[in-house]
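A.B. asks: Structure supplied as final04.txt; contents: compact mmCIF, C-alpha atoms and all ligand atoms.
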```
# COMPACT_ATOMS: atom_id res chain seq x y z
CA LEU U 189 -15.18 24.24 -23.19
CA THR U 190 -14.01 26.01 -20.05
CA PHE U 191 -10.28 26.19 -19.30
CA ILE U 192 -10.67 23.53 -16.58
CA GLU U 193 -12.54 21.16 -18.93
CA LYS U 194 -9.94 21.67 -21.67
CA ASN U 195 -7.13 21.08 -19.20
CA ARG U 196 -8.79 17.88 -18.02
CA GLU U 197 -9.25 16.71 -21.62
CA THR U 198 -5.57 17.35 -22.39
CA LYS U 199 -4.47 15.53 -19.26
CA GLU U 200 -6.63 12.51 -20.13
CA LEU U 201 -5.30 12.45 -23.67
CA GLU U 202 -1.73 12.56 -22.35
CA TRP U 203 -2.54 9.77 -19.89
CA ALA U 204 -4.02 7.61 -22.66
CA LEU U 205 -0.76 7.91 -24.60
CA ILE U 206 1.44 6.65 -21.73
CA PRO U 207 2.39 3.06 -22.59
CA PRO U 208 1.53 0.49 -19.89
CA ARG U 209 4.48 -0.85 -17.90
CA GLU U 210 5.95 -4.20 -18.78
CA VAL U 211 6.00 -6.98 -16.24
CA SER U 212 8.67 -9.56 -15.51
CA GLN U 213 9.48 -11.87 -12.58
CA VAL U 214 11.96 -12.27 -9.73
CA ASP U 215 11.87 -15.75 -8.14
CA GLY U 216 8.38 -16.31 -9.55
CA VAL U 217 6.98 -13.01 -8.22
CA PHE U 218 5.57 -10.60 -10.80
CA LEU U 219 7.26 -7.21 -10.63
CA GLU U 220 7.60 -4.27 -12.98
CA LYS U 221 10.26 -4.96 -15.61
CA ASN U 222 12.57 -2.11 -14.56
CA MET U 223 12.59 -3.45 -11.02
CA CYS U 224 13.60 -6.89 -12.32
CA ASN U 225 16.33 -5.39 -14.52
CA ASN U 226 17.62 -3.45 -11.50
CA TRP U 227 17.17 -6.29 -9.08
CA ASP U 228 20.81 -6.42 -7.87
CA LYS U 229 20.63 -2.77 -6.85
CA ILE U 230 17.42 -3.37 -4.89
CA TRP U 231 18.61 -6.63 -3.28
CA ASN U 232 21.92 -5.06 -2.20
CA PHE U 233 20.30 -1.97 -0.66
CA GLN U 234 22.03 -1.14 2.64
CA ALA U 235 19.51 -0.50 5.41
CA LYS U 236 20.66 1.32 8.58
CA PRO U 237 19.72 0.29 12.14
CA ASP U 238 17.53 3.37 12.68
CA ASP U 239 15.57 2.94 9.43
CA LEU U 240 11.84 2.40 9.80
CA LEU U 241 10.20 0.37 7.04
CA ILE U 242 6.50 0.51 6.19
CA ALA U 243 5.61 -2.66 4.31
CA SER U 244 2.33 -3.85 2.82
CA TYR U 245 0.59 -5.57 -0.04
CA PRO U 246 -0.50 -2.82 -2.49
CA LYS U 247 -3.81 -1.17 -1.54
CA ALA U 248 -3.84 -2.42 2.04
CA GLY U 249 -3.74 1.05 3.60
CA THR U 250 -0.08 1.93 3.01
CA THR U 251 -0.58 5.67 2.48
CA TRP U 252 -2.82 5.90 5.53
CA THR U 253 -0.16 4.20 7.65
CA GLN U 254 2.57 6.41 6.15
CA GLU U 255 0.67 9.58 7.08
CA ILE U 256 0.03 8.31 10.62
CA VAL U 257 3.73 7.48 11.06
CA ASP U 258 4.85 10.84 9.67
CA LEU U 259 2.51 12.76 11.99
CA ILE U 260 3.65 10.75 15.02
CA GLN U 261 7.30 11.35 14.12
CA ASN U 262 6.52 15.07 13.81
CA ASN U 263 4.60 15.21 17.11
CA GLY U 264 1.33 15.97 15.28
CA ASP U 265 2.73 18.98 13.39
CA ILE U 266 0.32 19.16 10.44
CA GLU U 267 2.29 21.82 8.52
CA ASN U 268 5.47 19.77 8.71
CA SER U 269 3.69 16.68 7.38
CA ARG U 270 2.55 18.75 4.41
CA ARG U 271 6.17 19.56 3.49
CA ALA U 272 6.16 17.18 0.50
CA PRO U 273 4.08 14.51 -1.28
CA ILE U 274 4.06 11.21 0.58
CA HIS U 275 6.24 9.39 -1.99
CA LEU U 276 9.02 11.95 -1.44
CA ARG U 277 8.80 11.80 2.34
CA HIS U 278 9.09 8.01 2.32
CA PRO U 279 11.11 6.61 -0.61
CA PHE U 280 9.35 3.70 -2.32
CA LEU U 281 12.31 1.36 -2.26
CA GLU U 282 11.81 -0.83 -5.31
CA TRP U 283 9.97 1.68 -7.52
CA ASN U 284 12.27 3.06 -10.19
CA SER U 285 10.12 5.95 -11.44
CA PHE U 286 10.49 7.55 -8.05
CA SER U 287 14.17 6.35 -7.97
CA GLY U 288 13.41 4.72 -4.63
CA ILE U 289 16.88 3.36 -3.90
CA ASP U 290 18.67 6.57 -4.96
CA GLU U 291 16.26 8.69 -2.92
CA ALA U 292 16.75 6.47 0.12
CA ASN U 293 20.54 6.61 -0.24
CA ALA U 294 20.44 10.40 -0.46
CA MET U 295 18.16 10.79 2.54
CA PRO U 296 19.54 11.76 5.97
CA SER U 297 18.82 9.41 8.89
CA PRO U 298 16.54 8.53 10.52
CA ARG U 299 14.79 7.37 7.35
CA THR U 300 11.30 6.02 6.85
CA LEU U 301 10.99 3.83 3.77
CA LYS U 302 8.15 2.06 2.00
CA THR U 303 7.99 -1.27 0.23
CA HIS U 304 5.45 -3.71 -1.19
CA LEU U 305 8.00 -6.53 -1.49
CA PRO U 306 7.01 -9.97 -0.21
CA ILE U 307 9.08 -11.19 2.73
CA GLN U 308 11.42 -13.40 0.70
CA LEU U 309 12.39 -10.49 -1.58
CA LEU U 310 13.15 -7.92 1.12
CA PRO U 311 16.82 -6.86 0.94
CA PRO U 312 18.62 -8.90 3.65
CA SER U 313 20.21 -5.82 5.24
CA PHE U 314 16.83 -5.02 6.87
CA TRP U 315 17.11 -8.29 8.82
CA GLU U 316 20.83 -7.90 9.51
CA LYS U 317 20.36 -4.36 10.88
CA LYS U 318 17.25 -5.40 12.87
CA CYS U 319 15.24 -2.46 11.50
CA LYS U 320 11.79 -1.80 12.92
CA ILE U 321 9.05 -2.64 10.43
CA ILE U 322 5.37 -1.74 10.35
CA TYR U 323 3.31 -4.06 8.16
CA VAL U 324 -0.32 -3.29 7.29
CA ALA U 325 -2.68 -5.92 5.94
CA ARG U 326 -6.25 -5.76 4.64
CA ASN U 327 -8.85 -8.46 4.04
CA ALA U 328 -8.31 -10.08 0.65
CA LYS U 329 -11.70 -9.25 -0.86
CA ASP U 330 -11.52 -5.50 -0.26
CA ASN U 331 -7.83 -5.54 -1.10
CA MET U 332 -8.60 -7.21 -4.45
CA VAL U 333 -11.34 -4.69 -5.33
CA SER U 334 -9.13 -1.74 -4.40
CA TYR U 335 -6.22 -3.16 -6.43
CA TYR U 336 -8.50 -3.69 -9.44
CA TYR U 337 -9.62 -0.05 -9.49
CA PHE U 338 -6.04 1.09 -8.90
CA GLN U 339 -4.87 -0.87 -11.92
CA THR U 340 -7.58 0.72 -14.08
CA MET U 341 -6.32 4.24 -13.25
CA ASN U 342 -2.56 3.73 -12.93
CA LYS U 343 -0.34 3.37 -15.99
CA GLY U 344 2.44 2.23 -13.66
CA LEU U 345 0.67 -1.11 -13.45
CA PRO U 346 -0.68 -3.50 -16.10
CA ASP U 347 -4.19 -3.02 -17.48
CA PRO U 348 -6.38 -5.29 -15.31
CA GLY U 349 -8.89 -6.18 -18.06
CA SER U 350 -12.48 -6.81 -16.98
CA TRP U 351 -13.38 -7.44 -13.33
CA ASP U 352 -14.06 -11.12 -14.11
CA GLU U 353 -10.64 -11.47 -15.72
CA TYR U 354 -8.97 -9.66 -12.84
CA PHE U 355 -10.65 -11.93 -10.29
CA GLU U 356 -8.83 -14.88 -11.87
CA THR U 357 -5.53 -13.00 -12.15
CA PHE U 358 -5.61 -11.99 -8.49
CA MET U 359 -6.55 -15.47 -7.29
CA SER U 360 -3.66 -16.98 -9.25
CA GLY U 361 -1.23 -14.43 -7.72
CA LYS U 362 -0.19 -13.18 -11.16
CA VAL U 363 -0.35 -9.55 -10.08
CA MET U 364 2.47 -7.14 -9.29
CA TRP U 365 4.13 -8.00 -5.98
CA GLY U 366 2.71 -11.52 -6.15
CA SER U 367 0.10 -13.50 -4.29
CA TRP U 368 -1.85 -11.73 -1.52
CA PHE U 369 -1.91 -15.04 0.40
CA ASP U 370 1.87 -15.53 0.37
CA HIS U 371 2.44 -11.86 1.19
CA VAL U 372 0.26 -11.55 4.30
CA LYS U 373 1.21 -15.02 5.60
CA GLY U 374 4.94 -14.51 5.05
CA TRP U 375 5.04 -11.24 6.97
CA TRP U 376 2.79 -12.66 9.72
CA LYS U 377 5.20 -15.52 10.36
CA LYS U 378 8.24 -13.26 10.39
CA LYS U 379 6.85 -11.10 13.19
CA ASP U 380 7.69 -13.88 15.67
CA SER U 381 11.42 -13.42 15.11
CA HIS U 382 11.77 -9.74 14.14
CA PRO U 383 10.44 -6.37 15.44
CA ILE U 384 7.38 -6.11 13.19
CA LEU U 385 4.21 -4.28 14.19
CA TYR U 386 1.47 -6.04 12.20
CA LEU U 387 -1.54 -3.76 11.67
CA PHE U 388 -4.92 -4.47 10.10
CA TYR U 389 -6.85 -1.96 7.96
CA GLU U 390 -10.10 -3.15 9.51
CA GLU U 391 -8.83 -2.51 13.07
CA MET U 392 -7.66 0.95 12.00
CA MET U 393 -11.17 1.68 10.73
CA LYS U 394 -12.79 0.28 13.87
CA ASP U 395 -10.67 2.16 16.40
CA PRO U 396 -8.17 4.52 14.78
CA LYS U 397 -6.99 6.03 18.06
CA ARG U 398 -6.16 2.64 19.57
CA GLU U 399 -4.17 1.64 16.47
CA ILE U 400 -2.40 5.02 16.26
CA ARG U 401 -1.41 4.60 19.91
CA LYS U 402 0.07 1.18 19.04
CA VAL U 403 2.17 2.78 16.32
CA MET U 404 3.27 5.53 18.71
CA GLU U 405 4.40 2.99 21.32
CA PHE U 406 6.20 0.90 18.71
CA LEU U 407 8.09 4.02 17.64
CA GLY U 408 9.01 4.73 21.27
CA LYS U 409 7.12 8.04 21.37
CA ASN U 410 4.82 9.44 24.04
CA LEU U 411 2.32 11.98 22.73
CA LYS U 412 -0.42 13.74 24.67
CA GLU U 413 -4.07 12.68 24.20
CA GLU U 414 -4.88 15.91 22.35
CA VAL U 415 -2.04 15.27 19.88
CA LEU U 416 -3.33 11.75 19.28
CA ASP U 417 -6.82 13.17 18.66
CA LYS U 418 -5.34 15.64 16.18
CA ILE U 419 -3.61 12.78 14.36
CA VAL U 420 -6.85 10.78 14.26
CA ASN U 421 -8.66 13.73 12.65
CA ASN U 422 -5.93 14.53 10.17
CA THR U 423 -5.59 10.95 8.97
CA SER U 424 -9.31 10.43 8.40
CA PHE U 425 -10.28 9.41 4.88
CA ALA U 426 -12.06 12.74 4.25
CA VAL U 427 -9.03 14.83 5.24
CA MET U 428 -6.52 12.68 3.35
CA LYS U 429 -8.72 12.69 0.23
CA ASN U 430 -8.47 16.48 0.17
CA ASN U 431 -4.79 16.61 1.05
CA PRO U 432 -2.68 17.03 -2.13
CA MET U 433 0.30 15.61 -0.21
CA THR U 434 -1.42 12.25 0.30
CA ASN U 435 -3.82 11.82 -2.62
CA TYR U 436 -1.32 11.45 -5.53
CA ILE U 437 -3.35 14.09 -7.42
CA ASN U 438 -0.30 15.30 -9.38
CA ASP U 439 0.98 11.87 -10.44
CA ILE U 440 0.83 11.90 -14.25
CA GLU U 441 0.52 8.11 -14.43
CA MET U 442 -2.74 8.17 -12.46
CA ASN U 443 -6.08 9.10 -13.99
CA HIS U 444 -8.24 10.05 -11.03
CA SER U 445 -11.30 10.63 -13.19
CA LEU U 446 -11.36 6.87 -13.90
CA SER U 447 -11.00 6.03 -10.20
CA PRO U 448 -9.60 8.36 -7.54
CA PHE U 449 -6.57 7.23 -5.52
CA MET U 450 -8.63 7.92 -2.39
CA ARG U 451 -11.52 5.84 -3.70
CA LYS U 452 -13.96 4.76 -0.93
CA GLY U 453 -11.97 3.98 2.19
CA VAL U 454 -14.44 1.47 3.67
CA VAL U 455 -14.56 -2.13 4.86
CA GLY U 456 -16.92 -4.44 2.94
CA ASP U 457 -17.00 -2.73 -0.46
CA TRP U 458 -16.31 -6.17 -1.99
CA LYS U 459 -20.04 -6.87 -1.58
CA ASN U 460 -20.71 -4.32 -4.34
CA GLN U 461 -18.28 -6.07 -6.69
CA PHE U 462 -18.19 -9.84 -6.14
CA THR U 463 -20.85 -11.97 -7.81
CA GLU U 464 -22.37 -14.72 -5.65
CA ASP U 465 -20.43 -17.26 -7.67
CA GLN U 466 -17.14 -15.43 -7.21
CA ASN U 467 -17.75 -15.16 -3.48
CA LYS U 468 -18.35 -18.91 -3.23
CA ARG U 469 -15.23 -19.73 -5.26
CA PHE U 470 -13.18 -17.23 -3.34
CA ASN U 471 -14.26 -18.68 0.04
CA GLU U 472 -13.34 -22.21 -1.05
CA ASP U 473 -9.89 -21.17 -2.28
CA TYR U 474 -9.34 -18.97 0.76
CA GLU U 475 -9.87 -21.89 3.15
CA LYS U 476 -7.17 -23.88 1.36
CA HIS U 477 -4.65 -21.02 1.17
CA MET U 478 -5.12 -19.97 4.80
CA ALA U 479 -5.22 -23.47 6.36
CA ASP U 480 -1.59 -23.22 7.48
CA THR U 481 -1.75 -19.87 9.34
CA SER U 482 -3.24 -18.41 12.51
CA LEU U 483 -3.83 -15.14 10.64
CA SER U 484 -7.46 -14.05 10.30
CA PHE U 485 -9.33 -11.05 8.92
CA PHE U 486 -12.66 -9.23 9.25
CA GLU U 487 -14.45 -8.80 5.92
CA GLU U 488 -17.03 -6.44 7.39
CA LEU U 489 -17.33 -4.30 10.52
N1 LIG V 501 -7.30 7.69 5.78
C1 LIG V 501 -7.81 6.62 5.21
N2 LIG V 501 -8.84 5.94 5.80
C2 LIG V 501 -9.36 4.85 5.23
N3 LIG V 501 -8.95 4.35 4.03
C3 LIG V 501 -7.95 4.99 3.41
C4 LIG V 501 -7.33 6.13 3.95
N4 LIG V 501 -6.37 6.55 3.10
C5 LIG V 501 -6.38 5.69 2.06
N5 LIG V 501 -7.34 4.75 2.23
C6 LIG V 501 -7.71 3.67 1.33
O1 LIG V 501 -6.63 2.74 1.25
C7 LIG V 501 -6.58 2.18 -0.06
C8 LIG V 501 -5.25 2.51 -0.69
O2 LIG V 501 -4.25 1.80 -0.04
P1 LIG V 501 -2.71 2.07 -0.38
O3 LIG V 501 -2.33 3.33 0.27
O4 LIG V 501 -2.04 0.86 0.18
O5 LIG V 501 -2.63 2.19 -1.85
C9 LIG V 501 -7.75 2.79 -0.82
O6 LIG V 501 -8.84 1.92 -0.58
P2 LIG V 501 -10.15 1.85 -1.52
O7 LIG V 501 -9.67 1.69 -2.91
O8 LIG V 501 -10.89 0.63 -1.05
O9 LIG V 501 -10.90 3.09 -1.28
C10 LIG V 501 -7.90 4.12 -0.11
O10 LIG V 501 -9.12 4.74 -0.30
C1 LIG V 502 2.60 4.51 -9.49
C2 LIG V 502 3.39 3.80 -8.50
C3 LIG V 502 2.67 3.22 -7.37
C4 LIG V 502 2.23 4.02 -6.35
C5 LIG V 502 1.61 3.42 -5.27
C6 LIG V 502 1.48 2.05 -5.23
O1 LIG V 502 0.94 1.37 -4.23
S1 LIG V 502 0.20 1.88 -3.00
O2 LIG V 502 -0.75 2.89 -3.37
O3 LIG V 502 1.19 2.41 -2.06
O4 LIG V 502 -0.44 0.69 -2.46
C7 LIG V 502 1.92 1.27 -6.23
C8 LIG V 502 2.52 1.85 -7.32
```
Translate the structure of the given file into structure tokens.
C.D. replies:
Amino acid sequence: LTFIEKNRETKELEWALIPPREVSQVDGVFLEKNMCNNWDKIWNFQAKPDDLLIASYPKAGTTWTQEIVDLIQNNGDIENSRRAPIHLRHPFLEWNSFSGIDEANAMPSPRTLKTHLPIQLLPPSFWEKKCKIIYVARNAKDNMVSYYYFQTMNKGLPDPGSWDEYFETFMSGKVMWGSWFDHVKGWWKKKDSHPILYLFYEEMMKDPKREIRKVMEFLGKNLKEEVLDKIVNNTSFAVMKNNPMTNYINDIEMNHSLSPFMRKGVVGDWKNQFTEDQNKRFNEDYEKHMADTSLSFFEEL
């Protein structure tokens, strides 16, 4: 075996020995057990008026949005955005392994923070301080497929079982951070009474420059066209897949040989995963869940 092959084997063996995280609940929402045990600390987090929060359901395009925001804040300075891995640049509020709350508290303002919490579990200080929030959403079918592969490679999350099993788990909302339906609908409603920029993964794929401009305006910045073009290029899937500061390559809980963090980055991959039966069942359930919202998604481009 070459050194690289041996190293990979050792890493995979180490990964296999990491015990899966335990899950518990806060107000009926499944969260990692440490988060639930530390819930008071999370709930009582003190946001500041100039905090920016990036919120999403897991696997909706969070990292992509984070990198876009960071580059806009740094006027397109690529070197500066490569100063640290994305989870250190933007504390992951509720995630204990990265000590999200402690990192946020230690960070100088203005801070950019990340969360996957559903609207009803967001610490109230974000509302009290009227913090700007960017929410990114992705169509449920692609989001489900992406989450399934993420759970297969990430020991920070429960083992998803087979795809067929996972389909049922996701539809019932018994996944970490809760039901996709409640998440996207809750944040959609809140945008009418709070400064929330609601983005869609599919729109970002269709016209990245237009969506990046929206983020820039929301942040009150004014960048030249050439800087915007630079940001478009540097936040493409291909560039971010090769960027060690955005691809979680050094996270010991992730086994990228099972499924890379930067997996496919497309709209419509669900067609390669859903059976005809699952698609039919999904569409029926979807109609019921989404009957009470004006929110709609593209499932293909
Ligand atoms: N620059 C980019 N362009 C398009 N998709 C991207 C992207 N960066 C990350 N993604 C995709 O966004 C998903 C991860 O989202 P999150 O950051 O919320 O975990 C993954 O989807 P896939 O698993 O479908 O490939 C990943 O490949
Ligand atoms: C391992 C912790 C972790 C990292 C990233 C997660 O979500 S997302 O990629 O930002 O959607 C979730 C858990």
A.B. asks: Excluding same-chain residues fewer than 4 positions from U:Ile321, what lies within 9 Å of it counting all atoms listed in the file, as a count of residues only?
C.D. replies: 11
A.B. asks: Given only C-alpha atoms as the basis, pick out the residue of U:Asn460, U:Phe233, U:His477, U:Met341 nearest to U:Gly288.
C.D. replies: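 Smallest distance to U:Gly288 is found for U:Phe233.
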A.B. asks: Enumerate as a list in words the residues within 6 Å of ligand LIG 502 (chain V), counting all atoms listed in the file.
C.D. replies: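 What falls inside 6 Å of ligand LIG 502 (chain V) is Pro246, Lys247, Thr250, Thr251 and Gly344 of chain U.
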A.B. asks: Please identify every residue of chain U that has at least one atom no farther than 10 Å from an atom of ligand LIG 501 (chain V), counting all atoms listed in the file, and for each give the shortest atom pair and the distance in Å to one decimal, arranged by chain then increasing number, as CSV.
C.D. replies:
```
residue,atom,partner,partner_atom,distance
U:Ala243,CA,V:LIG501,O4,9.4
U:Ser244,CA,V:LIG501,O4,6.9
U:Tyr245,CA,V:LIG501,O4,7.0
U:Pro246,CA,V:LIG501,O4,4.8
U:Lys247,CA,V:LIG501,O4,3.2
U:Ala248,CA,V:LIG501,O4,4.2
U:Gly249,CA,V:LIG501,O2,3.8
U:Thr250,CA,V:LIG501,O4,3.6
U:Thr251,CA,V:LIG501,O3,3.7
U:Trp252,CA,V:LIG501,N4,4.4
U:Thr253,CA,V:LIG501,O3,7.7
U:Gln254,CA,V:LIG501,O3,8.3
U:Glu255,CA,V:LIG501,N1,8.3
U:Ile256,CA,V:LIG501,N1,8.8
U:His304,CA,V:LIG501,O4,8.9
U:Val324,CA,V:LIG501,O4,8.4
U:Ala325,CA,V:LIG501,O4,8.9
U:Arg326,CA,V:LIG501,O4,9.0
U:Lys329,CA,V:LIG501,O8,9.9
U:Asp330,CA,V:LIG501,O8,6.2
U:Asn331,CA,V:LIG501,O8,6.9
U:Met332,CA,V:LIG501,O8,8.8
U:Val333,CA,V:LIG501,O8,6.8
U:Ser334,CA,V:LIG501,O7,3.8
U:Tyr335,CA,V:LIG501,O7,6.9
U:Tyr336,CA,V:LIG501,O7,8.5
U:Tyr337,CA,V:LIG501,O7,6.8
U:Phe338,CA,V:LIG501,O7,7.0
U:Tyr389,CA,V:LIG501,N3,7.7
U:Glu390,CA,V:LIG501,C2,9.1
U:Met392,CA,V:LIG501,C2,8.0
U:Met393,CA,V:LIG501,C2,6.6
U:Pro396,CA,V:LIG501,N2,9.1
U:Val420,CA,V:LIG501,N1,9.0
U:Asn421,CA,V:LIG501,N1,9.2
U:Asn422,CA,V:LIG501,N1,8.2
U:Thr423,CA,V:LIG501,N1,4.9
U:Ser424,CA,V:LIG501,N1,4.3
U:Phe425,CA,V:LIG501,N1,3.6
U:Ala426,CA,V:LIG501,N1,7.1
U:Val427,CA,V:LIG501,N1,7.4
U:Met428,CA,V:LIG501,N1,5.6
U:Lys429,CA,V:LIG501,N4,7.2
U:Thr434,CA,V:LIG501,N4,8.1
U:Asn435,CA,V:LIG501,C5,8.1
U:Ser447,CA,V:LIG501,O7,8.6
U:Pro448,CA,V:LIG501,O10,8.1
U:Phe449,CA,V:LIG501,O10,6.3
U:Met450,CA,V:LIG501,O10,3.8
U:Arg451,CA,V:LIG501,O9,3.7
U:Lys452,CA,V:LIG501,O9,3.5
U:Gly453,CA,V:LIG501,N3,3.6
U:Val454,CA,V:LIG501,O8,6.0
U:Val455,CA,V:LIG501,O8,7.5
U:Gly456,CA,V:LIG501,O8,8.8
U:Asp457,CA,V:LIG501,O8,7.0
U:Trp458,CA,V:LIG501,O8,8.7
```
A.B. asks: Could you build a table of the residues in stretch 365-471 of chain U lying no more than 10 Å from stretch 203-225 of chain U, giving for each the nearest pair of atoms and their separation in Å rounded to one decimal place, using all atoms listed in the file, ordered by chain and ascending residue number, as a Markdown table?
C.D. replies:
```
| residue | atom | partner | partner_atom | distance |
| --- | --- | --- | --- | --- |
| U:Trp365 | CA | U:Leu219 | CA | 5.7 |
| U:Gly366 | CA | U:Val217 | CA | 5.0 |
| U:Ser367 | CA | U:Val217 | CA | 7.9 |
| U:Ile440 | CA | U:Trp203 | CA | 6.9 |
| U:Glu441 | CA | U:Trp203 | CA | 6.5 |
| U:Met442 | CA | U:Trp203 | CA | 7.6 |
| U:Asn443 | CA | U:Trp203 | CA | 6.9 |
```
A.B. asks: Which of these, U:Leu446, U:Leu201, U:Val415, U:Asp352, has the shortest distance to U:Asn467 once you count all atoms listed in the file?
C.D. replies: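 Closest candidate: U:Asp352.
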A.B. asks: Can you measure atom CA of U:Thr303 to atom CA of U:Pro279 for me? One decimal in Å is fine.
C.D. replies: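 It comes out at 8.5 Å.
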A.B. asks: Please list as a PyMOL selection string every residue within 10 Å of U:Ser297, counting all atoms listed in the file and excluding residues in the same chain fewer than 4 positions away.
C.D. replies: chain U and resi 236-240+292-293
A.B. asks: Which value, in Å to one decimal, gives the distance between atom CA of U:Ile322 and atom CA of U:Lys362?
C.D. replies: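 Distance reported for this atom pair: 25.0 Å.
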A.B. asks: Mind filling out stretch 350-364 of chain U with N, CA and C atoms and sending it as a PDB file, in the coordinates of the input?
C.D. replies:
```pdb
ATOM      1  N   SER U 350     -11.156  -6.922 -17.620  1.00  0.00           N
ATOM      2  CA  SER U 350     -12.480  -6.810 -16.980  1.00  0.00           C
ATOM      3  C   SER U 350     -12.364  -7.285 -15.524  1.00  0.00           C
ATOM      4  N   TRP U 351     -13.379  -6.977 -14.728  1.00  0.00           N
ATOM      5  CA  TRP U 351     -13.380  -7.440 -13.330  1.00  0.00           C
ATOM      6  C   TRP U 351     -13.283  -8.969 -13.278  1.00  0.00           C
ATOM      7  N   ASP U 352     -14.066  -9.642 -14.136  1.00  0.00           N
ATOM      8  CA  ASP U 352     -14.060 -11.120 -14.110  1.00  0.00           C
ATOM      9  C   ASP U 352     -12.669 -11.666 -14.427  1.00  0.00           C
ATOM     10  N   GLU U 353     -12.011 -11.037 -15.384  1.00  0.00           N
ATOM     11  CA  GLU U 353     -10.640 -11.470 -15.720  1.00  0.00           C
ATOM     12  C   GLU U 353      -9.703 -11.215 -14.529  1.00  0.00           C
ATOM     13  N   TYR U 354      -9.868 -10.038 -13.939  1.00  0.00           N
ATOM     14  CA  TYR U 354      -8.970  -9.660 -12.840  1.00  0.00           C
ATOM     15  C   TYR U 354      -9.146 -10.599 -11.640  1.00  0.00           C
ATOM     16  N   PHE U 355     -10.384 -11.002 -11.403  1.00  0.00           N
ATOM     17  CA  PHE U 355     -10.650 -11.930 -10.290  1.00  0.00           C
ATOM     18  C   PHE U 355      -9.748 -13.156 -10.417  1.00  0.00           C
ATOM     19  N   GLU U 356      -9.668 -13.689 -11.636  1.00  0.00           N
ATOM     20  CA  GLU U 356      -8.830 -14.880 -11.870  1.00  0.00           C
ATOM     21  C   GLU U 356      -7.350 -14.540 -11.702  1.00  0.00           C
ATOM     22  N   THR U 357      -6.944 -13.398 -12.240  1.00  0.00           N
ATOM     23  CA  THR U 357      -5.530 -13.000 -12.150  1.00  0.00           C
ATOM     24  C   THR U 357      -5.110 -12.872 -10.688  1.00  0.00           C
ATOM     25  N   PHE U 358      -5.953 -12.213  -9.906  1.00  0.00           N
ATOM     26  CA  PHE U 358      -5.610 -11.990  -8.490  1.00  0.00           C
ATOM     27  C   PHE U 358      -5.545 -13.328  -7.757  1.00  0.00           C
ATOM     28  N   MET U 359      -6.521 -14.185  -8.003  1.00  0.00           N
ATOM     29  CA  MET U 359      -6.550 -15.470  -7.290  1.00  0.00           C
ATOM     30  C   MET U 359      -5.329 -16.318  -7.626  1.00  0.00           C
ATOM     31  N   SER U 360      -4.821 -16.165  -8.853  1.00  0.00           N
ATOM     32  CA  SER U 360      -3.660 -16.980  -9.250  1.00  0.00           C
ATOM     33  C   SER U 360      -2.346 -16.320  -8.787  1.00  0.00           C
ATOM     34  N   GLY U 361      -2.433 -15.121  -8.232  1.00  0.00           N
ATOM     35  CA  GLY U 361      -1.230 -14.430  -7.720  1.00  0.00           C
ATOM     36  C   GLY U 361      -0.399 -13.803  -8.819  1.00  0.00           C
ATOM     37  N   LYS U 362      -0.979 -13.732 -10.052  1.00  0.00           N
ATOM     38  CA  LYS U 362      -0.190 -13.180 -11.160  1.00  0.00           C
ATOM     39  C   LYS U 362      -0.381 -11.666 -11.263  1.00  0.00           C
ATOM     40  N   VAL U 363      -0.252 -11.007 -10.135  1.00  0.00           N
ATOM     41  CA  VAL U 363      -0.350  -9.550 -10.080  1.00  0.00           C
ATOM     42  C   VAL U 363       0.995  -9.033  -9.563  1.00  0.00           C
ATOM     43  N   MET U 364       1.205  -7.721  -9.747  1.00  0.00           N
ATOM     44  CA  MET U 364       2.470  -7.140  -9.290  1.00  0.00           C
ATOM     45  C   MET U 364       2.603  -7.309  -7.783  1.00  0.00           C
TER      46      MET U 364
END
```
